[in-house]
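Please read the structure below before turning to the comments.
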Amino acid sequence: MIQEDILQSKDFLDLDSSKAGIGAYELAKILFPINRSITGDGVRETLKIISQTLPSLVQYEVPTGTHCFDWEVPKEWNIKNAYLLDPNGKRILDFKNHNLHVVGYSVPIDKEITLDDLQPHLHSIPEQPSAIPYVTSYYKEQWGFCLEHRQREGLKDGSYRAVIDSSLKQGHMTYGELILPGESKDEILLSTYICHPSMANNELSGPTVTTMLAKWLISQPTLRYTYRIVFIPETIGSICYLSQHMDEMKKNTIAGFNISCVGDNRNYSYLPSRKGNTIADRAAKHVLEHHAANYTQYNFLDRRSDERQYCSIGVDLPVVTVARTLYWHYPEYHTSLDDLTVITPEGLGGGYMAIRRCIECLEENAIMITTMPCEPQFGKRGLFPTLSKGKGSTATVLGKLTAMDLLNLWAYCDGENDLLSIASKINVPLWDLLPAIKALNEQGLLISKI
Amino acid sequence: MIQEDILQSKDFLDLDSSKAGIGAYELAKILFPINRSITGDGVRETLKIISQTLPSLVQYEVPTGTHCFDWEVPKEWNIKNAYLLDPNGKRILDFKNHNLHVVGYSVPIDKEITLDDLQPHLHSIPEQPSAIPYVTSYYKEQWGFCLEHRQREGLKDGSYRAVIDSSLKQGHMTYGELILPGESKDEILLSTYICHPSMANNELSGPTVTTMLAKWLISQPTLRYTYRIVFIPETIGSICYLSQHMDEMKKNTIAGFNISCVGDNRNYSYLPSRKGNTIADRAAKHVLEHHAANYTQYNFLDRRSDERQYCSIGVDLPVVTVARTLYWHYPEYHTSLDDLTVITPEGLGGGYMAIRRCIECLEENAIMITTMPCEPQFGKRGLFPTLSKGKGSTATVLGKLTAMDLLNLWAYCDGENDLLSIASKINVPLWDLLPAIKALNEQGLLISKI
Amino acid sequence: MIQEDILQSKDFLDLDSSKAGIGAYELAKILFPINRSITGDGVRETLKIISQTLPSLVQYEVPTGTHCFDWEVPKEWNIKNAYLLDPNGKRILDFKNHNLHVVGYSVPIDKEITLDDLQPHLHSIPEQPSAIPYVTSYYKEQWGFCLEHRQREGLKDGSYRAVIDSSLKQGHMTYGELILPGESKDEILLSTYICHPSMANNELSGPTVTTMLAKWLISQPTLRYTYRIVFIPETIGSICYLSQHMDEMKKNTIAGFNISCVGDNRNYSYLPSRKGNTIADRAAKHVLEHHAANYTQYNFLDRRSDERQYCSIGVDLPVVTVARTLYWHYPEYHTSLDDLTVITPEGLGGGYMAIRRCIECLEENAIMITTMPCEPQFGKRGLFPTLSKGKGSTATVLGKLTAMDLLNLWAYCDGENDLLSIASKINVPLWDLLPAIKALNEQGLLISKI
């Protein structure tokens with residue numbers, strides 16, 4: 001199988017955008033059919049498949065009823081089957097055809113019911129008649145079916161039979177965690193969620209791109225920072241995880257990324273942390289300005305995912321969301337239309353690369369300090385054109401850098417600006433400055449202070 | 001009389017925009033014909049009428065010659081009659097027809113005079129030929145008449161007789177003051193002026209709307225702040241008042257509003273304090289953004305009223321002007337065209353409500369502090385939808401607030417932001433947040449720190 | 001000769017824009033033919049001619065090999081003659097026709113050479129076929145000729161003879177310095193360069209306008225600041241000068257102006273210091289807003305002249321560039337087209353006046369403090385209209401100031417704002433405020449604190 005080649009490949013030292021996009025897409029295809037929720041066997045199966053690519057991923061189980069701040073872990077939900085028979089006994093909805101047909105966390109039911117009584121249990125979207133909506137009821141026990149609005153409109157009066165063969169019992173909530181130790185105890189958090197059933201951009205793009213990022217990080221010879229990578233159910237998962245790890249996370253986390261909706265190929269998005277000016281924010285903005293100049297900047301008020309918890313008062317981690325088209329802002333969101341045609345290898349690869357660039361910026365960032373006043377004589381060091389031409393020159397002197405880029409880099413290495421800030425000031429991607437930093441370091445002209 | 005019903009009504013516990021607008025308009029109709037100036041019996045009569053609605057208003061008299069910083073209280077000016085006879089003996093201008101016909105503070109005169117010699121004493125506006133201009137000469141003894149330019153152009157050569165039966169003598173300057181004690185010694189200042197003769201928006205809107213605000217404040221069960229409400233002549237009045245009360249005002253005033261031009265129904269205006277970022281400025285901007293999104297923000301350089309004194313260096317009170325169409329910026333300004341058709345009950349009611357909202361914001365403002373990390377489980381408290389629907393929900397969960405408004409409110413209760421700042425950040429009027437604050441307080445999720 | 005009249009005139013007490021422009025233009029005409037470089041006799045001759053107008057200018061010689069931070073003073077270059085003979089022996093390029101025909105710092109050569117071998121030594125601009133480019137090679141020994149591209153395209157195969165009768169030897173680098181002592185040791189730096197051969201805007205406008213500024217400064221009865229005025233070769237000159245004077249300059253310099261491209265009549269430009277908010281920056285912006293409202297504001301990244309050194313890390317002087325159309329941004333830049341038709345007396349006069357205004361702003365700047373609260377009664381002091389007219393008045397009460405300008409000036413004299421900041425806040429040129437400052441000082445209403 002093609003995905004095995006890619007997913008099991010040992011050669012990830014240069015996991016570029018293209019390879020990562022294909023790898024993520026292949027993994028998404030495998031995971032798509034599984035019925036996931038905030039608890040249950042679908043989560044376990046999902047994590048098991050990801051573990052095949054990331055063997056060091058550890059799976060944790062948290063018992064029902066565990067207290068997590070103001071919340072507690074709910075009962076575990078599993079479902080074997082569900083269907084709706086029409087008055088003629090025809091099976092008109094079947095969970096086996098699409099797992100969105102059942103309201104998530106529906107209690108078991110087997111009942112004859114008139115159409116009138118059934119209607120409050122049916123969910124559809126009049127504005128999107130061919131979409132099955134994604135509906136859940138985690139914290140109030142009820143049941144329901146979701147269906148295309150055009151199908152709903154064709155339902156005739158009469159007696160229906162509603163069958164949901166689910167269970168809601170004491171059990172566990174499952175999550176995955178992968179810690180990659182770096183030279184420093186300071187951590188970067190990558191968080192994504194594995195609680196959404198069969199939808200692609202929201203949310204198989206998150207776990208699959210995070211898997212690729214983990215593979216790339218594992219392949220690096222050394223890591224400056226420690227990486228905490230979590231695959232959790234949304235909201236209750238992050239609240240539970242925070243309740244168990246908050247002290248160490250508040251102490252160590254220098255930046256974090258909530259990874260969601262990173263798979264379509266239409267747009268890029270940035271949603272700031274609550275504070276808005278953390279190093280994670282600075283890295284995200286710098287990267288997107290060069291990686292995707294037309295990206296959309298959202299407001300913290302637009303948050304709808306686990307940044308809500310990571311950026312809560314009292315937690316306030318420096319966590320941002322770097323996404324492709326953001327949740328709520330694409331038409332297929334939270335419906336059956338968010339299928340494997342919405343995400344693409346290019347889309348996933350672009351999302352991967354945006355976050356990888358952020359990580360690279362953080363890994364390479366340092367305070368820069370020059371060692372002499374006035375400009376160095378770059379010419380005698382081969383870093384300046386020897387001939388001063390009539391109309392100036394835009395020739396590059398080092399990698400993608402012109403002589404003026406080099407002078408501009410030099411102009412801000414005053415010990416007050418870090419490289420991220422300098423790169424933004426001089427309008428050059430940080431990653432393009434790295435050869436110059438290396439050269440200037442080697443020539444003793446520049447000191448990097450981490 | 002209709003105004004008596006309204007003005008004497010005891011039922012002002014909910015003095016809404018509509019009632020207040022009618023009350024102010026009726027009061028303006030009564031006050032309109034009176035000839036006011038910075039001194040004289042017109043001021044006394046005006047204050048007496050206002051006292052019928054605000055019995056606790058105290059009237060003060062300051063003797064001519066009293067020193068007030070660089071100024072001194074001028075002589076008292078009163079006028080019985082004034083007219084101009086043309087060469088045929090026809091009375092072509094008469095003070096009794098319109099008190100703007102005489103230059104304010106004109107010295108007495110009874111004189112035969114040729115048209116040529118008369119011209120320097122005549123004032124009209126070529127660009128507004130049907131308007132009588134408003135002209136004064138408080139500090140240089142002279143005399144003059146004001147008239148419509150179209151009338152002036154018809155004047156024929158010959159001998160005129162100019163009669164002004166006025167008096168300019170040792171006397172007093174009169175002002176009114178109303179102190180409403182609150183729980184705190186900290187004060188809010190409301191200042192308006194009662195020195196303009198028969199003009200409506202500038203300036204009967206100010207004293208009449210201020211009267212309505214005072215009635216509303218008096219009707220409140222408790223007031224957090226003490227209110228200092230002054231009805232004074234412009235410039236010399238505020239300078240004199242400041243010279244007598246500066247220490248206590250500088251010590252106690254947390255916010256103030258210069259109330260002028262609050263009666264037409266065309267626009268809203270905000271003119272900042274000298275410092276520009278006081279809590280009065282923050283309240284004014286927050287209120288107008290929600291009360292009148294298209295309001296005009298002026299610069300402090302545009303000030304032309306008593307903010308000039310309240311915001312002077314050495315005084316520097318946190319005083320702003322919240323107005324309808326601002327002085328200088330509407331065509332009828334400072335002419336006879338500024339009559340009772342320029343102001344309307346709707347206009348006055350809107351001006352009243354804008355300032356009342358500012359006061360409410362100040363009364364309710366506090367630092368907000370959450371009591372737990374991560375989001376509370378609002379759902380189990382009935383403050384969140386139990387069903388998570390496919391495309392999200394914009395349903396309100398408390399008053400006008402959606403679940404997301406509630407989460408956003410929560411997100412900034414970090415002990416660093418006051419409610420005014422939070423309301424601005426999350427784009428919800430402060431007054432709509434009050435039910436949520438109450439609920440969260442009651443559930444122990446939030447502490448308000450005044 | 002006309003220039004003698006102007007340049008030797010003793011009457012510079014009011015060296016206005018027009019006189020200064022004519023003086024600078026006449027001086028530029030004299031200096032234009034001289035072949036200048038970063039070293040050599042052309043620099044000496046240029047400084048000698050300027051000394052005739054500024055007798056106190058001192059000429060310094062720095063030996064070849066002198067260390068200046070990362071650089072050293074290069075060999076001295078002089079040239080007697082240079083030409084190119086075509087295969088027919090025709091002299092097709094001659095240094096005596098235009099000194100741009102030789103690459104600056106060309107080593108001596110006398111050589112038969114084929115056209116193919118000659119081509120790498122030829123420089124022209126395809127996009128500007130009638131322009132001779134300005135090319136130099138200060139730090140790598142090579143030789144070359146510059147010519148119009150249309151001429152180059154007509155060159156035929158065959159054997160050419162290239163003759164450059166130059167010398168490159170141990171010698172000196174020459175610069176000029178003029179110190180004008182003021183009441184304070186605090187200094188203002190004026191820096192311009194005298195290393196460009198026959199080009200007018202870049203760079204004879206700089207030295208000639210600087211000469212006029214020096215004459216104007218010398219003519220002042222007193223100077224508050226000491227003026228350090230340097231005429232140096234670009235880059236190596238400023239680096240060398242800084243290496244010799246850095247301690248005193250860092251200690252004393254409160255503002256500085258790099259004077260370059262101040263001679264055409266098309267635009268005005270401002271290029272900020274590295275820090276961007278020094279008093280030099282504030283003065284430059286204030287002046288240009290009133291002197292040339294449509295000026296172009298550049299970014300520090302656009303710097304191409306000696307600001308590069310003055311604003312280097314470790315030096316970081318408050319130096320800005322106030323120019324007419326900036327280097328690199330006009331079509332004739334660094335070519336033979338930048339001749340005496342590009343600069344005009346009006347252009348030079350405008351450049352002179354822009355910088356003179358900056359100096360005036362700095363000389364007059366002070367913290368302003370009022371001596372009483374509330375507004376003074378300007379009326380009794382003759383500084384306010386005695387008659388308050390219907391529609392307000394925009395009449396001036398003092399010089400170009402209206403009564404409102406006066407009130408606005410007053411409103412910011414709080415001891416926190418200097419005059420430069422006040423003038424910017426109230427949108428009045430600082431120089432128009434001087435009569436009011438004088439009047440308010442005299443009346444004891446205002447204290448200026450330097």
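Every chain in the structure tokens takes a letter, A first, then B, and so on in the order presented; its residues are numbered from 1, and the ligands are numbered from 1 following the presented order.
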Give the alpha helix (DSSP H) residues of segment 186-257 of chain C, as DSSP finds them on the backbone, and put them as number ranges by chain. C: 205-219, 236-252
Enumerate as a ChimeraX atom specification the residues belonging to chain B that approach chain A to within 12 Å, with only C-alpha atoms taken into account. /B:368-382,384-393,403-417,422,424-428,444-446
Would you put the residues from that selection into a file with N, CA and C atoms, as a compact mmCIF listing (two decimals), in the first residue's frame?
# COMPACT_ATOMS: atom_id res chain seq x y z
N MET B 368 -12.69 42.82 37.37
CA MET B 368 -13.36 41.52 37.41
C MET B 368 -12.30 40.41 37.52
N ILE B 369 -12.54 39.47 38.41
CA ILE B 369 -11.57 38.40 38.64
C ILE B 369 -12.27 37.04 38.69
N THR B 370 -11.82 36.11 37.83
CA THR B 370 -12.38 34.76 37.85
C THR B 370 -11.78 33.97 39.01
N THR B 371 -12.49 32.91 39.39
CA THR B 371 -12.04 32.16 40.58
C THR B 371 -11.50 30.78 40.24
N MET B 372 -11.41 30.42 38.94
CA MET B 372 -10.87 29.10 38.62
C MET B 372 -10.23 29.14 37.23
N PRO B 373 -9.28 28.19 37.00
CA PRO B 373 -8.69 28.15 35.67
C PRO B 373 -9.60 27.42 34.69
N CYS B 374 -9.33 27.53 33.43
CA CYS B 374 -10.12 26.94 32.33
C CYS B 374 -11.57 27.47 32.39
N GLU B 375 -12.31 27.14 31.36
CA GLU B 375 -13.70 27.58 31.32
C GLU B 375 -14.52 26.81 32.35
N PRO B 376 -15.46 27.47 33.02
CA PRO B 376 -16.40 26.72 33.86
C PRO B 376 -17.30 25.89 32.95
N GLN B 377 -17.90 24.87 33.51
CA GLN B 377 -18.87 24.11 32.71
C GLN B 377 -20.20 24.86 32.74
N PHE B 378 -20.31 25.85 31.87
CA PHE B 378 -21.50 26.69 31.86
C PHE B 378 -22.76 25.86 31.60
N GLY B 379 -22.61 24.76 30.86
CA GLY B 379 -23.76 23.94 30.50
C GLY B 379 -24.52 23.45 31.73
N LYS B 380 -23.81 22.95 32.72
CA LYS B 380 -24.50 22.41 33.89
C LYS B 380 -25.14 23.51 34.72
N ARG B 381 -24.79 24.75 34.42
CA ARG B 381 -25.40 25.90 35.10
C ARG B 381 -26.50 26.56 34.26
N GLY B 382 -26.85 25.90 33.16
CA GLY B 382 -27.91 26.43 32.30
C GLY B 382 -27.48 27.63 31.47
N PHE B 384 -25.32 27.42 28.80
CA PHE B 384 -24.73 26.97 27.55
C PHE B 384 -25.73 26.05 26.88
N PRO B 385 -25.81 26.03 25.55
CA PRO B 385 -26.74 25.12 24.89
C PRO B 385 -26.34 23.68 25.21
N THR B 386 -27.33 22.81 25.47
CA THR B 386 -26.99 21.42 25.78
C THR B 386 -26.63 20.65 24.52
N LEU B 387 -27.16 21.08 23.41
CA LEU B 387 -26.93 20.38 22.15
C LEU B 387 -25.93 21.19 21.33
N SER B 388 -24.84 20.57 20.91
CA SER B 388 -23.88 21.27 20.05
C SER B 388 -24.27 21.01 18.61
N LYS B 389 -24.77 22.04 17.95
CA LYS B 389 -25.35 21.87 16.63
C LYS B 389 -24.30 22.01 15.53
N GLY B 390 -24.64 21.39 14.44
CA GLY B 390 -23.72 21.33 13.30
C GLY B 390 -23.01 22.63 13.00
N LYS B 391 -23.73 23.67 12.78
CA LYS B 391 -23.11 24.90 12.32
C LYS B 391 -22.96 25.92 13.44
N GLY B 392 -22.87 25.44 14.66
CA GLY B 392 -22.73 26.37 15.77
C GLY B 392 -24.05 27.07 16.00
N SER B 393 -24.11 27.82 17.05
CA SER B 393 -25.37 28.45 17.40
C SER B 393 -25.10 29.87 17.83
N ALA B 403 -23.69 32.37 24.12
CA ALA B 403 -22.73 31.57 24.89
C ALA B 403 -21.32 32.10 24.66
N MET B 404 -21.03 32.49 23.43
CA MET B 404 -19.69 32.97 23.11
C MET B 404 -19.42 34.30 23.79
N ASP B 405 -20.43 35.17 23.89
CA ASP B 405 -20.26 36.42 24.65
C ASP B 405 -19.84 36.10 26.09
N LEU B 406 -20.47 35.07 26.65
CA LEU B 406 -20.19 34.69 28.03
C LEU B 406 -18.76 34.19 28.17
N LEU B 407 -18.33 33.37 27.20
CA LEU B 407 -16.95 32.88 27.23
C LEU B 407 -15.96 34.04 27.04
N ASN B 408 -16.34 34.99 26.21
CA ASN B 408 -15.45 36.12 25.98
C ASN B 408 -15.36 37.02 27.21
N LEU B 409 -16.49 37.24 27.84
CA LEU B 409 -16.47 37.98 29.09
C LEU B 409 -15.53 37.30 30.08
N TRP B 410 -15.72 35.99 30.24
CA TRP B 410 -14.89 35.20 31.13
C TRP B 410 -13.40 35.34 30.79
N ALA B 411 -13.11 35.39 29.51
CA ALA B 411 -11.72 35.35 29.05
C ALA B 411 -10.91 36.56 29.47
N TYR B 412 -11.56 37.64 29.88
CA TYR B 412 -10.80 38.83 30.22
C TYR B 412 -10.94 39.24 31.69
N CYS B 413 -11.63 38.41 32.47
CA CYS B 413 -11.77 38.73 33.89
C CYS B 413 -10.53 38.27 34.63
N ASP B 414 -9.42 38.87 34.32
CA ASP B 414 -8.13 38.42 34.81
C ASP B 414 -7.58 39.31 35.92
N GLY B 415 -8.42 40.24 36.41
CA GLY B 415 -7.94 41.12 37.46
C GLY B 415 -7.11 42.28 36.93
N GLU B 416 -6.87 42.29 35.63
CA GLU B 416 -6.15 43.43 35.04
C GLU B 416 -7.08 44.34 34.26
N ASN B 417 -8.23 43.84 33.86
CA ASN B 417 -9.17 44.62 33.07
C ASN B 417 -10.39 44.99 33.90
N ILE B 422 -13.27 45.39 29.39
CA ILE B 422 -13.71 44.09 28.89
C ILE B 422 -14.84 44.27 27.87
N SER B 424 -15.50 46.71 25.99
CA SER B 424 -14.97 47.23 24.73
C SER B 424 -14.24 46.15 23.96
N LYS B 425 -13.42 45.36 24.66
CA LYS B 425 -12.68 44.28 23.99
C LYS B 425 -13.61 43.29 23.32
N ILE B 426 -14.71 42.94 23.99
CA ILE B 426 -15.56 41.87 23.45
C ILE B 426 -16.75 42.42 22.67
N ASN B 427 -16.77 43.72 22.45
CA ASN B 427 -17.79 44.34 21.59
C ASN B 427 -19.22 44.11 22.06
N VAL B 428 -19.41 44.20 23.34
CA VAL B 428 -20.77 44.09 23.90
C VAL B 428 -20.98 45.31 24.80
N GLY B 444 -20.43 32.26 42.35
CA GLY B 444 -19.09 32.20 42.93
C GLY B 444 -17.98 32.07 41.90
N LEU B 445 -18.32 32.30 40.63
CA LEU B 445 -17.32 32.14 39.58
C LEU B 445 -16.52 33.42 39.34
N LEU B 446 -17.02 34.53 39.88
CA LEU B 446 -16.45 35.83 39.54
C LEU B 446 -16.46 36.73 40.76
I'd like to know which residues of segment 327-409 of chain B are strand (DSSP E) (by DSSP, run on the backbone); could you write them as a ChimeraX atom specification? /B:367-370,396-398,401-402
With N, CA and C atoms retained, could you export that selection as a short mmCIF file (atom, residue, chain, number, x, y, z; two decimals), in the first residue's frame?
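Written file, part_10.cif:
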data_model
loop_
_atom_site.label_atom_id
_atom_site.label_comp_id
_atom_site.auth_asym_id
_atom_site.auth_seq_id
_atom_site.Cartn_x
_atom_site.Cartn_y
_atom_site.Cartn_z
N ILE B 367 -13.13 46.06 38.64
CA ILE B 367 -12.17 45.05 38.19
C ILE B 367 -12.83 43.69 38.36
N MET B 368 -12.69 42.82 37.37
CA MET B 368 -13.36 41.52 37.41
C MET B 368 -12.30 40.41 37.52
N ILE B 369 -12.54 39.47 38.41
CA ILE B 369 -11.57 38.40 38.64
C ILE B 369 -12.27 37.04 38.69
N THR B 370 -11.82 36.11 37.83
CA THR B 370 -12.38 34.76 37.85
C THR B 370 -11.78 33.97 39.01
N THR B 396 -29.11 33.18 22.16
CA THR B 396 -28.75 33.87 23.38
C THR B 396 -29.00 32.94 24.56
N VAL B 397 -28.14 33.06 25.57
CA VAL B 397 -28.29 32.21 26.75
C VAL B 397 -28.63 33.02 27.99
N LEU B 398 -28.44 34.33 27.92
CA LEU B 398 -28.73 35.17 29.09
C LEU B 398 -28.93 36.60 28.59
N LEU B 401 -27.05 38.08 25.59
CA LEU B 401 -25.75 37.46 25.45
C LEU B 401 -25.82 36.06 24.86
N THR B 402 -24.92 35.77 23.93
CA THR B 402 -24.76 34.40 23.43
C THR B 402 -23.77 33.67 24.33
#
For a test of reading the model, state the distance in Å between atom CA of Gly89 of chain C and atom CA of Arg36 of chain C, rounded to one decimal. 28.9 Å
So which residues touch segment 154-170 of chain A within 8 Å, counting only C-alpha atoms, skipping near sequence neighbours fewer than 3 positions away, as a VMD selection string? chain A and resid 63 to 64 75 to 87 89 105 to 116 118 150 to 151
Gap from atom CA of Ala284 of chain A to atom CA of Arg224 of chain A - Å, one decimal: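 A separation of 18.6 Å between them.
When atom CA of Tyr270 of chain A is paired with atom CA of Gly350 of chain A, their separation reads 13.8 Å.
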For segment 41-53 of chain A, please output as a PyMOL selection string all residues within 7 Å (counting only C-alpha atoms; exclusion window: fewer than 6 positions along the same chain). chain A and resi 7-8+31+34-35+78+174+176+194-195
Export of prior selection with N, CA and C atoms as a PDB file, in the first residue's frame:
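Generated file (out.pdb):
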ATOM      1  N   LEU A   7       4.350   6.182   5.319  1.00  0.00           N
ATOM      2  CA  LEU A   7       4.205   6.323   6.765  1.00  0.00           C
ATOM      3  C   LEU A   7       5.300   5.589   7.528  1.00  0.00           C
ATOM      4  N   GLN A   8       5.813   4.508   6.944  1.00  0.00           N
ATOM      5  CA  GLN A   8       6.842   3.754   7.657  1.00  0.00           C
ATOM      6  C   GLN A   8       8.258   4.171   7.249  1.00  0.00           C
ATOM      7  N   LEU A  31      -7.929   6.742   8.629  1.00  0.00           N
ATOM      8  CA  LEU A  31      -8.660   7.094   9.850  1.00  0.00           C
ATOM      9  C   LEU A  31     -10.095   7.553   9.583  1.00  0.00           C
ATOM     10  N   ILE A  34     -13.507   5.704  10.822  1.00  0.00           N
ATOM     11  CA  ILE A  34     -13.683   5.352  12.241  1.00  0.00           C
ATOM     12  C   ILE A  34     -14.646   6.318  12.929  1.00  0.00           C
ATOM     13  N   ASN A  35     -15.541   5.777  13.773  1.00  0.00           N
ATOM     14  CA  ASN A  35     -16.447   6.636  14.532  1.00  0.00           C
ATOM     15  C   ASN A  35     -15.766   7.080  15.825  1.00  0.00           C
ATOM     16  N   ASN A  78     -20.148   4.148  23.548  1.00  0.00           N
ATOM     17  CA  ASN A  78     -19.833   3.317  22.385  1.00  0.00           C
ATOM     18  C   ASN A  78     -21.115   3.022  21.635  1.00  0.00           C
ATOM     19  N   THR A 174      -9.864   8.491  26.683  1.00  0.00           N
ATOM     20  CA  THR A 174      -8.551   8.066  26.205  1.00  0.00           C
ATOM     21  C   THR A 174      -7.834   9.233  25.518  1.00  0.00           C
ATOM     22  N   GLY A 176      -3.663  10.475  23.813  1.00  0.00           N
ATOM     23  CA  GLY A 176      -2.291  10.091  23.487  1.00  0.00           C
ATOM     24  C   GLY A 176      -1.326  11.217  23.773  1.00  0.00           C
ATOM     25  N   ILE A 194      -8.781  14.299  18.612  1.00  0.00           N
ATOM     26  CA  ILE A 194      -9.100  13.033  17.930  1.00  0.00           C
ATOM     27  C   ILE A 194     -10.492  12.577  18.345  1.00  0.00           C
ATOM     28  N   CYS A 195     -11.420  13.548  18.464  1.00  0.00           N
ATOM     29  CA  CYS A 195     -12.765  13.227  18.928  1.00  0.00           C
ATOM     30  C   CYS A 195     -13.824  13.411  17.850  1.00  0.00           C
TER      31      CYS A 195
END
